[in-house]
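To start, the structure itself, in structure tokens.
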Amino acid sequence: MKKGGKGKQEDAEYCEEMSVTGTTPSIAYPILEQKLLSTQDILKVDAVSGASYSLYRFRYAVTIALMKANLNYP
């Protein structure tokens, strides 16, 4: 998250810079989410072309969420 609580998918300047790769966080994250829901296995979720770092951040966020859920952490 950036300062102010907004993610990169909401950062218009960042998305414009990333658009040269053919994707943006606002395109990549929903695809990653759908792949996770369909496979039910974070290790089977492949990177979206041009969004390798987004996959890393996505896997990290899912891992933290699962750890918190297993610990009944608020």
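Convention: chains lettered A, B, ... in structure tokens order; per-chain residue numbering from 1; ligands numbered from 1 as shown.
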
Q. Which residues, written as a VMD selection string, have at least one atom at most 12 Å from segment 30-38 of chain A, with only C-alpha atoms counted and residues fewer than 2 positions away on the same chain left out?
A. chain A and resid 9 23 to 28 40 to 49 51 to 52 54 to 59 61 to 63
